[in-house]
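Below is one structure, written out as structure tokens, with a few remarks after it.
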Amino acid sequence: MAVALTILFAGFGLLLPWAMALYRRFQVRGEERFPGWIGWPPFLHSMLAYILAFNLTFFIQELFLVLPKALVPSLKPTLFHNNHDWTGDAAIAELFQGTGALAILISGLAFAWLVSRQERPGLLPLWMAFHGLFQSLPQFVVGAIVAENDMGRAYDYLGLGTIGETVLALVALAAIPVAGIWLGRQFVRSAWEGAPIASQRTRFGYLLRIAGLPALAAIPVIILYRIPRELVEVVVSPVLVPLFGYGWMQLAAFRSSDVVGTGRPPAALLPLLLAALALLAFFQLVLRPGIAF
């Protein structure tokens with residue numbers, strides 16, 4: 001079953017959406033010119049929002065891996081900037097390896113609700129919803145494949161068995177395209193007056209420029225928040241999260257024909273830049289030595 005889930009996870013979660021997006025892109029024909037550059041302020045705004053959202057979501061996950069353990073008298077957990085650890089022994093610690101993924105799933109759903117309430121969604125809430133969902137949903141799948149994974153350990157504690165784990169994995173896998181396409185539509189809703197979103201072709205280009213390219217540009221910066229640690233831990237997560245989420249988002253370009261951009265393009269860079277720098281300082285100066293609970 002683990003092999004079948006692995007193939008399904010890679011094929012359905014990663015290869016299929018990118019193949020569909022590229023196929024639909026080249027299938028679209030029209031006389032309109034492929035949209036040009038959206039401008040540096042919106043691009044940088046989205047990139048900084050992505051950096052903040054990735055790291056805040058990861059911090060929420062690690063915090064909620066630590067807090068439940070801190071309530072157990074025999075466990076002494078320590079929170080780091082990119083990990084956590086604990087001393088002592090208690091069987092329930094295995095269950096609490098799943099509380100981090102659950103916490104960021106709730107965070108993603110909460111920000112998705114907030115986005116749905118906004119007439120024109122902001123890029124930071126959008127990226128918080130994205131990371132809450134796409135840093136958590138794949139973990140529910142991987143937990144059914146790799147028993148040593150955090151969610152795998154929680155599954156074992158709960159005694160779900162192969163059938164129970166597979167059902168949860170399939171539910172999470174089915175939620176990935178729903179979340180991705182919905183979020184892509186919300187990104188199109190965030191467009192400003194005059195943004196190129198009038199056709200499938202222009203919406204494809206707009207999503208690439210307002211979401212895809214900023215996410216790609218953010219990866220080297222995110223690595224600064226995660227070092228020092230093993231290379232696989234520093235690099236793999238920042239690379240895999242957008243790969244598993246963004247392909248489905250891009251497909252929203254073909255499902256958002258009734259969206260009309262309003263207002264002005266996002267341009268407030270200084271608050272996001274200061275917040276990103278403050279978070280980096282907090283990670284490296286405060287959390288890197290570790291905070292004992």
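In the structure tokens, each chain is lettered A, B, ... as it comes, each chain's residues begin at 1, and ligands are numbered from 1 in order of appearance.
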
(request) Using DSSP on the backbone, list every residue of stretch 31-142 of chain A that comes out as strand (DSSP E or B), and give them as a list of chain:residue names. (result)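 Taking stretch 31-142 of chain A and keeping strand (DSSP E or B) gives A:Lys76, A:Pro77, A:Thr78, A:Leu79, A:His84, A:Asp85, A:Trp86, A:Thr87.
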
For the residues in that selection, give me N, CA and C atoms as an mmCIF file, in the first residue's frame.
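Result went into again-v6.cif, see below:
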data_model
loop_
_atom_site.group_PDB
_atom_site.id
_atom_site.type_symbol
_atom_site.label_atom_id
_atom_site.label_comp_id
_atom_site.auth_asym_id
_atom_site.auth_seq_id
_atom_site.Cartn_x
_atom_site.Cartn_y
_atom_site.Cartn_z
ATOM 1 N N LYS A 76 10.487 17.385 28.708
ATOM 2 C CA LYS A 76 11.069 18.725 28.720
ATOM 3 C C LYS A 76 11.464 19.104 27.291
ATOM 4 N N PRO A 77 10.548 19.730 26.549
ATOM 5 C CA PRO A 77 10.842 20.053 25.145
ATOM 6 C C PRO A 77 11.609 21.363 24.989
ATOM 7 N N THR A 78 12.315 21.468 23.892
ATOM 8 C CA THR A 78 13.052 22.684 23.531
ATOM 9 C C THR A 78 12.680 23.071 22.102
ATOM 10 N N LEU A 79 12.373 24.346 21.902
ATOM 11 C CA LEU A 79 11.986 24.861 20.602
ATOM 12 C C LEU A 79 13.179 25.528 19.929
ATOM 13 N N HIS A 84 12.584 20.919 16.835
ATOM 14 C CA HIS A 84 12.375 20.875 18.271
ATOM 15 C C HIS A 84 12.925 19.552 18.779
ATOM 16 N N ASP A 85 13.128 19.472 20.081
ATOM 17 C CA ASP A 85 13.645 18.248 20.695
ATOM 18 C C ASP A 85 13.075 18.171 22.105
ATOM 19 N N TRP A 86 13.230 17.029 22.745
ATOM 20 C CA TRP A 86 12.775 16.911 24.116
ATOM 21 C C TRP A 86 13.571 15.834 24.838
ATOM 22 N N THR A 87 13.596 15.971 26.147
ATOM 23 C CA THR A 87 14.173 14.950 27.012
ATOM 24 C C THR A 87 13.040 14.342 27.831
#

Counting only C-alpha atoms, give me one row per residue of stretch 206-268 of chain A with an atom at most 10 Å from an atom of stretch 5-15 of chain A, showing the shortest contact pair and its distance in Å to one decimal, sorted by chain then residue number, as CSV.
residue,atom,partner,partner_atom,distance
A:Leu240,CA,A:Leu14,CA,9.3
A:Pro242,CA,A:Leu14,CA,9.9
A:Leu243,CA,A:Leu14,CA,6.6
A:Phe244,CA,A:Leu14,CA,5.3
A:Gly245,CA,A:Gly13,CA,8.0
A:Tyr246,CA,A:Leu14,CA,9.3
A:Gly247,CA,A:Leu14,CA,7.3
A:Trp248,CA,A:Gly13,CA,8.5

(request) Within 10 Å of A:Leu109, counting only C-alpha atoms, which residues show up once you throw out same-chain ones fewer than 2 positions away? Write them as a PyMOL selection string, please. (result) chain A and resi 103-107+111-115+128-130+132-133+179

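With only C-alpha atoms as the basis for measurement, A:Leu48 is the residue among A:Val239, A:Leu48, A:Gly122, A:Val72 that approaches A:Pro271 most closely.
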
(request) Name the closest residue to A:Phe59 among the candidates A:Pro228, A:Pro266, A:Gly100, A:Pro41; distances are taken between atoms, counting only C-alpha atoms. (result)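 Selected residue with least distance to A:Phe59: A:Gly100.
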
(message) Please extract the residues of stretch 135-267 of chain A with a backbone DSSP assignment of helix (DSSP H, G or I) and present them as a VMD selection string.
(response) chain A and resid 137 to 145 150 to 158 161 to 189 200 to 226 231 to 254

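A straight line drawn from atom CA of A:Ile51 to atom CA of A:Gly108 is 15.6 Å long.
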
Which residues, written as a JSON list (two decimals) with all heavy atoms, in the first residue's frame, have at least one atom at most 10 Å from A:Glu193, with only C-alpha atoms counted and residues fewer than 5 positions away on the same chain left out?
[["chain", "number", "residue", "atom", "x", "y", "z"],
["A", 260, "VAL", "N", -13.05, 40.45, -11.77],
["A", 260, "VAL", "CA", -12.68, 41.78, -12.25],
["A", 260, "VAL", "C", -11.76, 42.42, -11.22],
["A", 260, "VAL", "O", -12.09, 42.48, -10.03],
["A", 260, "VAL", "CB", -13.93, 42.67, -12.46],
["A", 260, "VAL", "CG1", -13.51, 44.06, -12.90],
["A", 260, "VAL", "CG2", -14.86, 42.04, -13.49],
["A", 261, "GLY", "N", -10.59, 42.88, -11.65],
["A", 261, "GLY", "CA", -9.64, 43.50, -10.74],
["A", 261, "GLY", "C", -10.10, 44.89, -10.32],
["A", 261, "GLY", "O", -10.67, 45.63, -11.10],
["A", 262, "THR", "N", -9.86, 45.24, -9.04],
["A", 262, "THR", "CA", -10.23, 46.55, -8.51],
["A", 262, "THR", "C", -9.09, 47.12, -7.70],
["A", 262, "THR", "O", -8.19, 46.39, -7.26],
["A", 262, "THR", "CB", -11.47, 46.46, -7.63],
["A", 262, "THR", "OG1", -11.19, 45.58, -6.52],
["A", 262, "THR", "CG2", -12.67, 45.94, -8.40],
["A", 263, "GLY", "N", -9.11, 48.42, -7.46],
["A", 263, "GLY", "CA", -8.14, 49.06, -6.59],
["A", 263, "GLY", "C", -6.78, 49.24, -7.23],
["A", 263, "GLY", "O", -6.62, 49.19, -8.45],
["A", 264, "ARG", "N", -5.79, 49.44, -6.37],
["A", 264, "ARG", "CA", -4.42, 49.67, -6.82],
["A", 264, "ARG", "C", -3.55, 48.44, -6.57],
["A", 264, "ARG", "O", -3.86, 47.63, -5.69],
["A", 264, "ARG", "CB", -3.82, 50.87, -6.10],
["A", 264, "ARG", "CG", -4.52, 52.18, -6.40],
["A", 264, "ARG", "CD", -3.79, 53.35, -5.75],
["A", 264, "ARG", "NE", -4.41, 54.61, -6.11],
["A", 264, "ARG", "CZ", -3.93, 55.79, -5.72],
["A", 264, "ARG", "NH1", -2.85, 55.84, -4.96],
["A", 264, "ARG", "NH2", -4.54, 56.90, -6.08],
["A", 265, "PRO", "N", -2.45, 48.31, -7.30],
["A", 265, "PRO", "CA", -1.55, 47.16, -7.07],
["A", 265, "PRO", "C", -0.89, 47.23, -5.71],
["A", 265, "PRO", "O", -0.67, 48.33, -5.18],
["A", 265, "PRO", "CB", -0.52, 47.29, -8.21],
["A", 265, "PRO", "CG", -0.56, 48.71, -8.61],
["A", 265, "PRO", "CD", -1.97, 49.16, -8.40]]

(request) Could you tell me which of A:Phe80, A:Trp182, A:Phe254, A:Phe140 comes closest to A:Gly290 if we count only C-alpha atoms? (result) A:Phe80

(request) Just the residues within 8 Å of A:Ile223, please, counting only C-alpha atoms, with nothing from its chain fewer than 2 positions along; format it as a VMD selection string. (result) chain A and resid 219 to 221 225 to 227 234 to 235 238

(message) Using only C-alpha atoms, which protein or nucleic acid residues come within 7 Å of A:Met151? Drop anything in the same chain fewer than 6 positions from it, and give the result as number ranges by chain.
(response) A: 97-98, 139-140, 143

Please produce an output containing C-alpha atoms for each residue in the selection, written as a short mmCIF file (atom, residue, chain, number, x, y, z; two decimals), in the first residue's frame.
data_model
loop_
_atom_site.label_atom_id
_atom_site.label_comp_id
_atom_site.auth_asym_id
_atom_site.auth_seq_id
_atom_site.Cartn_x
_atom_site.Cartn_y
_atom_site.Cartn_z
CA GLN A 97 4.21 14.48 16.83
CA GLY A 98 1.03 15.04 14.85
CA GLN A 139 2.13 15.38 5.79
CA PHE A 140 -1.11 13.41 6.20
CA GLY A 143 2.52 9.73 7.36
#
